[in-house]
$ cat run_36.txt   # compact mmCIF, C-alpha atoms
# COMPACT_ATOMS: atom_id res chain seq x y z
CA MET A 1 -15.13 132.03 92.35
CA ILE A 2 -15.39 128.36 93.20
CA ARG A 3 -14.82 127.37 89.57
CA ILE A 4 -11.77 129.65 89.29
CA PHE A 5 -10.29 128.11 92.45
CA VAL A 6 -10.86 124.58 91.13
CA LEU A 7 -9.23 125.49 87.81
CA LEU A 8 -6.19 126.96 89.59
CA ALA A 9 -5.85 123.85 91.72
CA LEU A 10 -5.90 121.68 88.59
CA VAL A 11 -3.20 123.83 86.95
CA LEU A 12 -1.00 123.51 90.03
CA GLN A 13 -1.48 119.75 90.06
CA VAL A 14 -0.37 119.56 86.42
CA THR A 15 2.60 121.96 86.50
CA TRP A 16 4.14 120.92 89.81
CA PRO A 17 5.12 117.40 88.66
CA ILE A 18 6.65 118.90 85.47
CA GLU A 19 8.74 121.36 87.51
CA ALA A 20 9.79 118.59 89.88
CA TRP A 21 10.78 116.39 86.94
CA ALA A 22 12.81 119.23 85.42
CA ALA A 23 14.62 119.82 88.71
CA SER A 24 15.28 116.10 89.08
CA SER A 25 16.56 115.88 85.50
CA THR A 26 18.94 118.82 86.06
CA GLN A 27 20.23 117.28 89.28
CA GLN A 28 20.82 114.00 87.50
CA LEU A 29 22.79 115.78 84.77
CA TYR A 30 24.79 117.60 87.44
CA GLU A 31 25.68 114.34 89.18
CA GLN A 32 26.68 112.74 85.88
CA ALA A 33 28.91 115.70 85.06
CA LEU A 34 30.54 115.58 88.50
CA THR A 35 31.18 111.86 88.22
CA ALA A 36 32.76 112.22 84.78
CA SER A 37 34.94 115.08 86.05
CA ARG A 38 36.07 113.20 89.15
CA THR A 39 36.96 110.08 87.18
CA GLY A 40 38.95 112.08 84.63
CA ASP A 41 36.57 111.47 81.73
CA PHE A 42 36.79 115.09 80.61
CA GLU A 43 35.61 114.49 77.05
CA GLN A 44 32.33 113.21 78.45
CA ALA A 45 32.17 115.77 81.25
CA LEU A 46 32.33 118.88 79.04
CA PRO A 47 29.06 118.37 77.11
CA LEU A 48 27.35 117.38 80.35
CA TRP A 49 28.40 120.66 81.99
CA ASP A 50 27.26 122.47 78.83
CA GLN A 51 23.81 120.93 79.27
CA VAL A 52 23.70 121.82 82.96
CA LEU A 53 24.57 125.43 82.18
CA THR A 54 21.99 125.61 79.41
CA LEU A 55 19.40 124.79 82.09
CA GLN A 56 21.07 126.80 84.88
CA PRO A 57 23.22 129.53 83.28
CA LYS A 58 23.79 131.30 86.61
CA ASP A 59 25.09 128.26 88.51
CA ALA A 60 28.51 129.46 89.71
CA ALA A 61 29.64 126.01 90.85
CA ALA A 62 28.79 124.47 87.48
CA LEU A 63 30.72 127.22 85.71
CA SER A 64 33.75 126.66 87.92
CA ASN A 65 33.57 122.91 87.36
CA ARG A 66 33.30 123.37 83.60
CA GLY A 67 36.29 125.70 83.76
CA ASN A 68 38.34 122.97 85.42
CA VAL A 69 37.33 120.53 82.70
CA ARG A 70 38.26 123.03 79.99
CA LEU A 71 41.69 123.45 81.56
CA ALA A 72 42.17 119.68 81.70
CA LEU A 73 41.31 119.55 77.98
CA GLY A 74 43.94 122.16 77.16
CA ASP A 75 41.77 125.30 76.97
CA PRO A 76 43.14 127.65 79.66
CA ASP A 77 41.49 130.71 78.06
CA GLY A 78 38.08 129.05 78.20
CA ALA A 79 38.80 127.99 81.78
CA ILE A 80 39.64 131.56 82.78
CA ALA A 81 36.43 132.83 81.15
CA ASP A 82 34.32 130.33 83.10
CA GLN A 83 36.05 131.04 86.41
CA THR A 84 35.67 134.80 85.89
CA ARG A 85 31.93 134.37 85.27
CA ALA A 86 31.70 132.19 88.38
CA MET A 87 33.35 134.96 90.42
CA ALA A 88 30.82 137.49 89.21
CA LEU A 89 27.99 135.20 90.36
CA ALA A 90 29.63 134.18 93.65
CA PRO A 91 32.00 137.02 94.57
CA ASP A 92 32.84 135.67 98.04
CA GLU A 93 33.82 132.16 96.94
CA ALA A 94 37.51 131.21 96.96
CA ASP A 95 37.38 128.22 94.59
CA PRO A 96 36.99 130.18 91.33
CA HIS A 97 40.03 132.28 92.27
CA LEU A 98 42.05 129.15 93.03
CA ASN A 99 40.93 127.52 89.80
CA ARG A 100 41.52 130.62 87.70
CA GLY A 101 44.99 130.94 89.18
CA THR A 102 45.77 127.40 88.04
CA ALA A 103 44.64 128.26 84.50
CA GLU A 104 46.72 131.45 84.56
CA GLU A 105 49.73 129.39 85.61
CA ALA A 106 49.16 127.19 82.56
CA LEU A 107 49.57 130.37 80.47
CA GLN A 108 52.62 131.34 82.57
CA ASP A 109 50.85 134.52 83.61
CA TRP A 110 52.54 134.49 87.00
CA GLN A 111 51.36 137.94 88.08
CA ALA A 112 47.68 137.20 87.43
CA ALA A 113 47.94 133.83 89.17
CA ALA A 114 49.63 135.39 92.20
CA GLU A 115 46.88 138.01 92.44
CA ASP A 116 44.22 135.32 92.56
CA TYR A 117 46.06 133.36 95.27
CA LEU A 118 46.74 136.51 97.27
CA TRP A 119 43.02 137.41 97.06
CA ILE A 120 42.31 134.12 98.84
CA LEU A 121 45.11 134.53 101.40
CA GLU A 122 44.02 138.05 102.32
CA ARG A 123 40.73 136.53 103.43
CA ASP A 124 42.09 133.24 104.77
CA PRO A 125 45.85 133.18 105.47
CA SER A 126 45.62 129.49 106.32
CA ASP A 127 44.36 128.29 102.94
CA ALA A 128 46.88 125.51 102.24
CA ALA A 129 46.09 125.18 98.53
CA ALA A 130 46.56 128.91 97.89
CA LEU A 131 49.82 128.91 99.88
CA TYR A 132 51.11 125.94 97.92
CA ASN A 133 50.11 127.31 94.53
CA LEU A 134 51.61 130.70 95.33
CA GLY A 135 54.81 128.84 96.26
CA ASN A 136 54.83 127.31 92.78
CA VAL A 137 54.38 130.76 91.26
CA ARG A 138 57.28 132.20 93.26
CA GLY A 139 59.41 129.27 92.18
CA SER A 140 58.52 129.92 88.56
CA GLU A 141 59.68 133.50 89.16
CA ASP A 142 62.97 132.00 90.46
CA ASN A 143 62.31 133.20 94.01
CA TRP A 144 63.00 129.87 95.67
CA SER A 145 63.54 131.29 99.16
CA GLU A 146 59.98 132.68 99.15
CA ALA A 147 58.69 129.48 97.56
CA ARG A 148 60.33 127.50 100.38
CA ARG A 149 58.62 129.65 103.00
CA LEU A 150 55.21 129.29 101.36
CA PHE A 151 55.51 125.51 100.99
CA GLY A 152 56.46 125.32 104.65
CA GLU A 153 53.43 127.38 105.67
CA ALA A 154 51.16 125.16 103.59
CA PHE A 155 52.48 122.11 105.43
CA LEU A 156 52.13 123.80 108.83
CA VAL A 157 48.45 124.59 108.29
CA GLN A 158 47.79 121.16 106.76
CA PRO A 159 50.25 118.67 108.29
CA GLY A 160 49.16 115.82 106.03
CA PHE A 161 50.09 117.82 102.92
CA ALA A 162 53.05 115.63 101.94
CA MET A 163 53.61 117.28 98.55
CA ALA A 164 54.02 120.66 100.25
CA ARG A 165 56.69 119.19 102.56
CA SER A 166 58.47 117.58 99.62
CA SER A 167 58.36 120.86 97.68
CA GLU A 168 59.78 122.69 100.71
CA ALA A 169 62.69 120.22 100.79
CA LEU A 170 63.28 120.65 97.05
CA ALA A 171 63.30 124.44 97.42
CA ALA A 172 65.79 124.12 100.29
CA TRP A 173 67.96 121.99 97.99
CA GLN A 174 67.70 124.62 95.27
CA VAL A 175 69.02 127.34 97.61
CA GLY A 176 71.86 125.12 98.85
CA ASP A 177 70.53 123.75 102.15
CA LEU A 178 71.21 120.12 101.28
CA GLY A 179 71.35 118.86 104.87
CA LEU A 180 67.86 120.08 105.71
CA ALA A 181 66.52 118.84 102.38
CA GLU A 182 67.87 115.35 103.02
CA ALA A 183 66.53 115.27 106.58
CA GLU A 184 63.03 116.32 105.50
CA LEU A 185 62.92 113.85 102.61
CA ARG A 186 63.95 111.02 104.93
CA LYS A 187 61.19 111.99 107.37
CA LEU A 188 58.65 111.94 104.57
CA ILE A 189 59.75 108.50 103.40
CA ARG A 190 59.53 107.10 106.93
CA ARG A 191 55.98 108.40 107.22
CA TYR A 192 54.91 107.72 103.63
CA PRO A 193 57.04 104.83 102.28
CA MET A 194 55.10 104.75 98.99
CA PHE A 195 55.50 108.48 98.26
CA ALA A 196 57.27 108.54 94.89
CA ASP A 197 58.15 112.25 94.95
CA ALA A 198 60.26 112.01 98.09
CA ARG A 199 61.89 108.76 96.93
CA ALA A 200 62.84 110.25 93.56
CA ALA A 201 64.10 113.45 95.17
CA LEU A 202 66.22 111.60 97.71
CA SER A 203 67.72 109.52 94.87
CA GLY A 204 69.02 112.64 93.15
CA LEU A 205 70.14 114.28 96.36
CA LEU A 206 72.05 111.22 97.61
CA TRP A 207 73.74 110.88 94.23
CA ARG A 208 74.80 114.52 94.46
CA ARG A 209 76.21 113.88 97.94
CA GLY A 210 78.18 110.84 96.80
CA MET A 211 75.94 108.07 98.19
CA SER A 212 75.22 106.28 94.94
CA GLY A 213 74.34 102.89 96.43
CA GLU A 214 71.56 104.22 98.62
CA ALA A 215 70.43 106.48 95.78
CA GLU A 216 69.92 103.40 93.60
CA SER A 217 67.77 101.68 96.22
CA HIS A 218 65.48 104.69 96.60
CA TRP A 219 65.25 105.06 92.84
CA ALA A 220 64.20 101.42 92.45
CA ALA A 221 61.24 102.19 94.73
CA ALA A 222 60.43 105.52 93.04
CA ALA A 223 60.54 104.07 89.51
CA GLY A 224 58.24 101.25 90.56
CA LEU A 225 55.75 103.77 91.92
CA ASP A 226 55.75 106.40 89.14
CA GLN A 227 57.67 106.28 85.86
CA ARG A 228 57.05 109.96 85.13
CA TYR A 229 60.04 110.93 87.28
CA ARG A 230 62.23 109.84 84.35
CA GLN A 231 60.84 112.69 82.24
CA LEU A 232 62.51 116.08 82.63
CA ASP A 233 59.69 118.00 80.93
CA TRP A 234 57.09 116.49 83.25
CA LEU A 235 59.31 117.05 86.26
CA ARG A 236 59.85 120.74 85.51
CA GLU A 237 56.61 121.79 83.81
CA ILE A 238 53.96 119.64 85.53
CA ARG A 239 55.36 118.61 88.89
CA ARG A 240 57.27 121.93 89.07
CA TRP A 241 60.58 120.79 90.58
CA PRO A 242 63.28 123.46 90.93
CA PRO A 243 66.01 123.34 88.26
CA GLN A 244 68.89 122.05 90.42
CA PRO A 245 67.08 119.00 91.86
CA ALA A 246 65.71 118.17 88.40
CA GLU A 247 69.18 118.47 86.87
CA ASP A 248 70.70 116.29 89.59
CA LEU A 249 68.09 113.56 89.19
CA MET A 250 68.56 113.52 85.41
CA ALA A 251 72.34 113.33 85.88
CA PHE A 252 71.88 110.41 88.29
CA LEU A 253 69.70 108.59 85.75
CA ALA A 254 72.27 109.24 83.01
CA LEU A 255 75.09 108.13 85.35
CA THR A 256 76.83 111.42 84.69
CA PRO A 257 79.98 111.81 86.83
CA ARG A 258 79.61 114.31 89.66

$ encode --input "run_36.txt" --output "structure tokens"
Amino acid sequence: MIRIFVLLALVLQVTWPIEAWAASSTQQLYEQALTASRTGDFEQALPLWDQVLTLQPKDAAALSNRGNVRLALGDPDGAIADQTRAMALAPDEADPHLNRGTAEEALQDWQAAAEDYLWILERDPSDAAALYNLGNVRGSEDNWSEARRLFGEAFLVQPGFAMARSSEALAAWQVGDLGLAEAELRKLIRRYPMFADARAALSGLLWRRGMSGEAESHWAAAAGLDQRYRQLDWLREIRRWPPQPAEDLMAFLALTPR
């Protein structure tokens, strides 16, 4: 019995360092994958997440992170598959639903995306990201009044959410409430002078209202901050501006007569 005990002790002394090394190696891979994802190096991040999941195939967080990377690399179907697997492993987690909804939006599957965001909001009505994303979905469905309400709720539950406030102003503009839109955009610029979205939006709105000189000054600031606001496709498909504000800004840039 003594010899058996000694043998077992020796086995434990040999295997424990190997298991510890394996755990440490996996954690190191995980950190490398996270760093690559956070810095936008998605080409490097994807094989790192693949390695993590080879070692830990039931890691829901790793699956969700890999899904985000797949979406960034232009593979929304692969992203949806990863997020769905993550949900099966962690059925109470909101992040895979939020991330899957984003991938479904990329496929313009508005109903599926809305269902994922509503799943989150049924459990936490104050989830600002889900409120904001659902607002984008309603806007894509041309329901700008509902989009406006959702953007406003997102800002109320997260007062520092400047993009939600800007989107609320843009939705108000889309439905014809130009006075409120202008007032909210001016408030945003006073609080966040370097916020390109509000500057660009106010440029188009002031041009529409006949204040071309002030529109030019705001545009000079916006263009210096972010050149993408010159691009209609980016403005509509990526930033998700409503059609009327986007049309007005493009007309301003083209110096089209009102």

$ residues_around --input "run_36.txt" --residues "range 108-122 of chain A" --least-positions-apart "5" --cutoff "6 Å" --atoms "all atoms listed in the file" --output "PyMOL selection string"
chain A and resi 94+97+101+130+134+137

$ write_last_selection --input "run_36.txt" --atoms "C-alpha atoms" --output "tab-separated table (two decimals), in the coordinates of the input"
chain	number	residue	atom	x	y	z
A	94	ALA	CA	37.51	131.21	96.96
A	97	HIS	CA	40.03	132.28	92.27
A	101	GLY	CA	44.99	130.94	89.18
A	130	ALA	CA	46.56	128.91	97.89
A	134	LEU	CA	51.61	130.70	95.33
A	137	VAL	CA	54.38	130.76	91.26

$ closest_residue --input "run_36.txt" --among "A:Ser166, A:Thr102, A:Gln56, A:Gln27" --to "Ala129 in chain A" --atoms "only C-alpha atoms"
A:Thr102

$ atom_distance --input "run_36.txt" --atom1 "CA of Asn143 in chain A" --atom2 "CA of Ala200 in chain A"
23.0 Å

$ residues_around --input "run_36.txt" --residues "Pro243 in chain A" --least-positions-apart "4" --cutoff "8 Å" --atoms "only C-alpha atoms" --output "ChimeraX atom specification"
/A:174,236,247

$ write_last_selection --input "run_36.txt" --atoms "C-alpha atoms" --output "mmCIF file, keeping the file's coordinate frame"
data_model
loop_
_atom_site.group_PDB
_atom_site.id
_atom_site.type_symbol
_atom_site.label_atom_id
_atom_site.label_comp_id
_atom_site.auth_asym_id
_atom_site.auth_seq_id
_atom_site.Cartn_x
_atom_site.Cartn_y
_atom_site.Cartn_z
ATOM 1 C CA GLN A 174 67.700 124.620 95.270
ATOM 2 C CA ARG A 236 59.850 120.740 85.510
ATOM 3 C CA GLU A 247 69.180 118.470 86.870
#

$ atom_distance --input "run_36.txt" --atom1 "CA of Leu71 in chain A" --atom2 "CA of Ala162 in chain A"
24.6 Å

$ atom_distance --input "run_36.txt" --atom1 "CA of Leu150 in chain A" --atom2 "CA of Asp92 in chain A"
23.5 Å

$ residues_around --input "run_36.txt" --residues "Gly135 in chain A" --least-positions-apart "4" --cutoff "12 Å" --atoms "all atoms listed in the file" --output "PDB file with C-alpha atoms, in the coordinates of the input"
ATOM      1  CA  GLU A 105      49.730 129.390  85.610  1.00  0.00           C
ATOM      2  CA  TRP A 110      52.540 134.490  87.000  1.00  0.00           C
ATOM      3  CA  ALA A 113      47.940 133.830  89.170  1.00  0.00           C
ATOM      4  CA  ALA A 114      49.630 135.390  92.200  1.00  0.00           C
ATOM      5  CA  TYR A 117      46.060 133.360  95.270  1.00  0.00           C
ATOM      6  CA  LEU A 118      46.740 136.510  97.270  1.00  0.00           C
ATOM      7  CA  ALA A 128      46.880 125.510 102.240  1.00  0.00           C
ATOM      8  CA  ALA A 129      46.090 125.180  98.530  1.00  0.00           C
ATOM      9  CA  ALA A 130      46.560 128.910  97.890  1.00  0.00           C
ATOM     10  CA  LEU A 131      49.820 128.910  99.880  1.00  0.00           C
ATOM     11  CA  GLY A 139      59.410 129.270  92.180  1.00  0.00           C
ATOM     12  CA  SER A 140      58.520 129.920  88.560  1.00  0.00           C
ATOM     13  CA  GLU A 141      59.680 133.500  89.160  1.00  0.00           C
ATOM     14  CA  ASP A 142      62.970 132.000  90.460  1.00  0.00           C
ATOM     15  CA  ASN A 143      62.310 133.200  94.010  1.00  0.00           C
ATOM     16  CA  TRP A 144      63.000 129.870  95.670  1.00  0.00           C
ATOM     17  CA  SER A 145      63.540 131.290  99.160  1.00  0.00           C
ATOM     18  CA  GLU A 146      59.980 132.680  99.150  1.00  0.00           C
ATOM     19  CA  ALA A 147      58.690 129.480  97.560  1.00  0.00           C
ATOM     20  CA  ARG A 148      60.330 127.500 100.380  1.00  0.00           C
ATOM     21  CA  ARG A 149      58.620 129.650 103.000  1.00  0.00           C
ATOM     22  CA  LEU A 150      55.210 129.290 101.360  1.00  0.00           C
ATOM     23  CA  PHE A 151      55.510 125.510 100.990  1.00  0.00           C
ATOM     24  CA  GLY A 152      56.460 125.320 104.650  1.00  0.00           C
ATOM     25  CA  GLU A 153      53.430 127.380 105.670  1.00  0.00           C
ATOM     26  CA  ALA A 154      51.160 125.160 103.590  1.00  0.00           C
ATOM     27  CA  PHE A 155      52.480 122.110 105.430  1.00  0.00           C
ATOM     28  CA  MET A 163      53.610 117.280  98.550  1.00  0.00           C
ATOM     29  CA  ALA A 164      54.020 120.660 100.250  1.00  0.00           C
ATOM     30  CA  ARG A 165      56.690 119.190 102.560  1.00  0.00           C
ATOM     31  CA  SER A 167      58.360 120.860  97.680  1.00  0.00           C
ATOM     32  CA  GLU A 168      59.780 122.690 100.710  1.00  0.00           C
ATOM     33  CA  LEU A 170      63.280 120.650  97.050  1.00  0.00           C
ATOM     34  CA  ALA A 171      63.300 124.440  97.420  1.00  0.00           C
ATOM     35  CA  ARG A 240      57.270 121.930  89.070  1.00  0.00           C
ATOM     36  CA  TRP A 241      60.580 120.790  90.580  1.00  0.00           C
ATOM     37  CA  PRO A 242      63.280 123.460  90.930  1.00  0.00           C
TER      38      PRO A 242
END

$ closest_residue --input "run_36.txt" --among "A:Ala79, A:Ala221, A:Ala90, A:Leu180" --to "Pro193 in chain A" --atoms "all atoms listed in the file"
A:Ala221

$ residues_near_point --input "run_36.txt" --point "(65.0, 115.4, 83.9)" --cutoff "7 Å" --atoms "only C-alpha atoms" --output "PyMOL selection string"
chain A and resi 230-233+235+246-247+249-250

$ closest_residue --input "run_36.txt" --among "A:Ala196, A:Ile80, A:Ala103, A:Ala169" --to "Asp226 in chain A" --atoms "all atoms listed in the file"
A:Ala196

$ closest_residue --input "run_36.txt" --among "A:Gln83, A:Leu98, A:Ser37, A:Ser25" --to "Leu55 in chain A" --atoms "all atoms listed in the file"
A:Ser25

$ closest_residue --input "run_36.txt" --among "A:Leu29, A:Ser212, A:Met87, A:Asp59" --to "Ala251 in chain A" --atoms "all atoms listed in the file"
A:Ser212

$ residues_around --input "run_36.txt" --residues "range 30-35 of chain A" --least-positions-apart "6" --cutoff "6 Å" --atoms "all atoms listed in the file" --output "JSON, numbers by chain"
{"A": [45, 48, 49]}

$ closest_residue --input "run_36.txt" --among "A:Ala172, A:Ala60, A:Leu73, A:Ala86" --to "Gln244 in chain A" --atoms "all atoms listed in the file"
A:Ala172

$ decode --input "run_36.txt" --residues "range 77-157 of chain A" --atoms "C-alpha atoms" --output "compact mmCIF listing (two decimals), in the first residue's frame"
# COMPACT_ATOMS: atom_id res chain seq x y z
CA ASP A 77 -23.32 33.47 -41.81
CA GLY A 78 -20.28 32.15 -39.94
CA ALA A 79 -20.83 34.82 -37.29
CA ILE A 80 -24.45 33.75 -36.81
CA ALA A 81 -23.39 30.10 -36.50
CA ASP A 82 -20.85 30.95 -33.78
CA GLN A 83 -23.27 33.16 -31.85
CA THR A 84 -25.98 30.49 -32.02
CA ARG A 85 -23.57 27.90 -30.60
CA ALA A 86 -22.58 30.36 -27.87
CA MET A 87 -26.26 30.78 -26.94
CA ALA A 88 -26.69 27.03 -26.60
CA LEU A 89 -23.74 26.92 -24.19
CA ALA A 90 -24.70 30.07 -22.26
CA PRO A 91 -28.47 30.45 -22.66
CA ASP A 92 -28.80 33.32 -20.17
CA GLU A 93 -26.12 35.55 -21.69
CA ALA A 94 -27.22 38.66 -23.62
CA ASP A 95 -24.03 39.27 -25.62
CA PRO A 96 -24.48 36.45 -28.16
CA HIS A 97 -28.00 37.72 -28.92
CA LEU A 98 -26.69 41.27 -29.38
CA ASN A 99 -23.85 40.04 -31.58
CA ARG A 100 -26.07 37.73 -33.62
CA GLY A 101 -28.50 40.57 -34.16
CA THR A 102 -25.69 42.67 -35.61
CA ALA A 103 -24.78 39.86 -38.02
CA GLU A 104 -28.45 39.45 -38.99
CA GLU A 105 -28.59 43.17 -39.71
CA ALA A 106 -25.63 42.74 -42.05
CA LEU A 107 -27.81 40.26 -44.00
CA GLN A 108 -30.75 42.71 -43.79
CA ASP A 109 -32.75 40.09 -41.90
CA TRP A 110 -34.56 42.75 -39.90
CA GLN A 111 -37.09 40.39 -38.29
CA ALA A 112 -34.44 38.02 -36.94
CA ALA A 113 -32.34 40.91 -35.65
CA ALA A 114 -35.34 42.48 -33.93
CA GLU A 115 -36.16 39.17 -32.24
CA ASP A 116 -32.66 38.97 -30.80
CA TYR A 117 -32.78 42.54 -29.49
CA LEU A 118 -36.27 42.05 -28.08
CA TRP A 119 -35.06 38.88 -26.30
CA ILE A 120 -32.56 41.08 -24.47
CA LEU A 121 -35.04 43.87 -23.75
CA GLU A 122 -37.62 41.48 -22.33
CA ARG A 123 -35.05 40.59 -19.69
CA ASP A 124 -33.45 44.02 -19.32
CA PRO A 125 -35.50 46.93 -20.69
CA SER A 126 -32.63 49.30 -19.91
CA ASP A 127 -30.03 47.66 -22.16
CA ALA A 128 -28.84 50.71 -24.12
CA ALA A 129 -27.10 48.74 -26.88
CA ALA A 130 -30.18 46.61 -27.60
CA LEU A 131 -32.41 49.72 -27.61
CA TYR A 132 -30.07 51.49 -30.01
CA ASN A 133 -29.69 48.52 -32.35
CA LEU A 134 -33.44 47.94 -32.39
CA GLY A 135 -33.81 51.61 -33.31
CA ASN A 136 -31.56 51.01 -36.31
CA VAL A 137 -33.69 48.03 -37.31
CA ARG A 138 -36.91 50.06 -37.09
CA GLY A 139 -35.29 52.76 -39.18
CA SER A 140 -34.32 50.19 -41.79
CA GLU A 141 -37.98 49.17 -41.81
CA ASP A 142 -38.81 52.86 -42.46
CA ASN A 143 -40.48 53.26 -39.07
CA TRP A 144 -38.60 56.40 -38.07
CA SER A 145 -41.04 57.45 -35.35
CA GLU A 146 -40.38 54.20 -33.47
CA ALA A 147 -36.66 54.48 -34.22
CA ARG A 148 -36.70 57.98 -32.71
CA ARG A 149 -38.35 56.70 -29.54
CA LEU A 150 -35.86 53.85 -29.16
CA PHE A 151 -32.83 56.10 -29.71
CA GLY A 152 -34.22 58.45 -27.09
CA GLU A 153 -34.67 55.61 -24.59
CA ALA A 154 -31.11 54.44 -25.22
CA PHE A 155 -29.83 57.92 -24.40
CA LEU A 156 -32.02 58.18 -21.29
CA VAL A 157 -30.65 54.95 -19.81
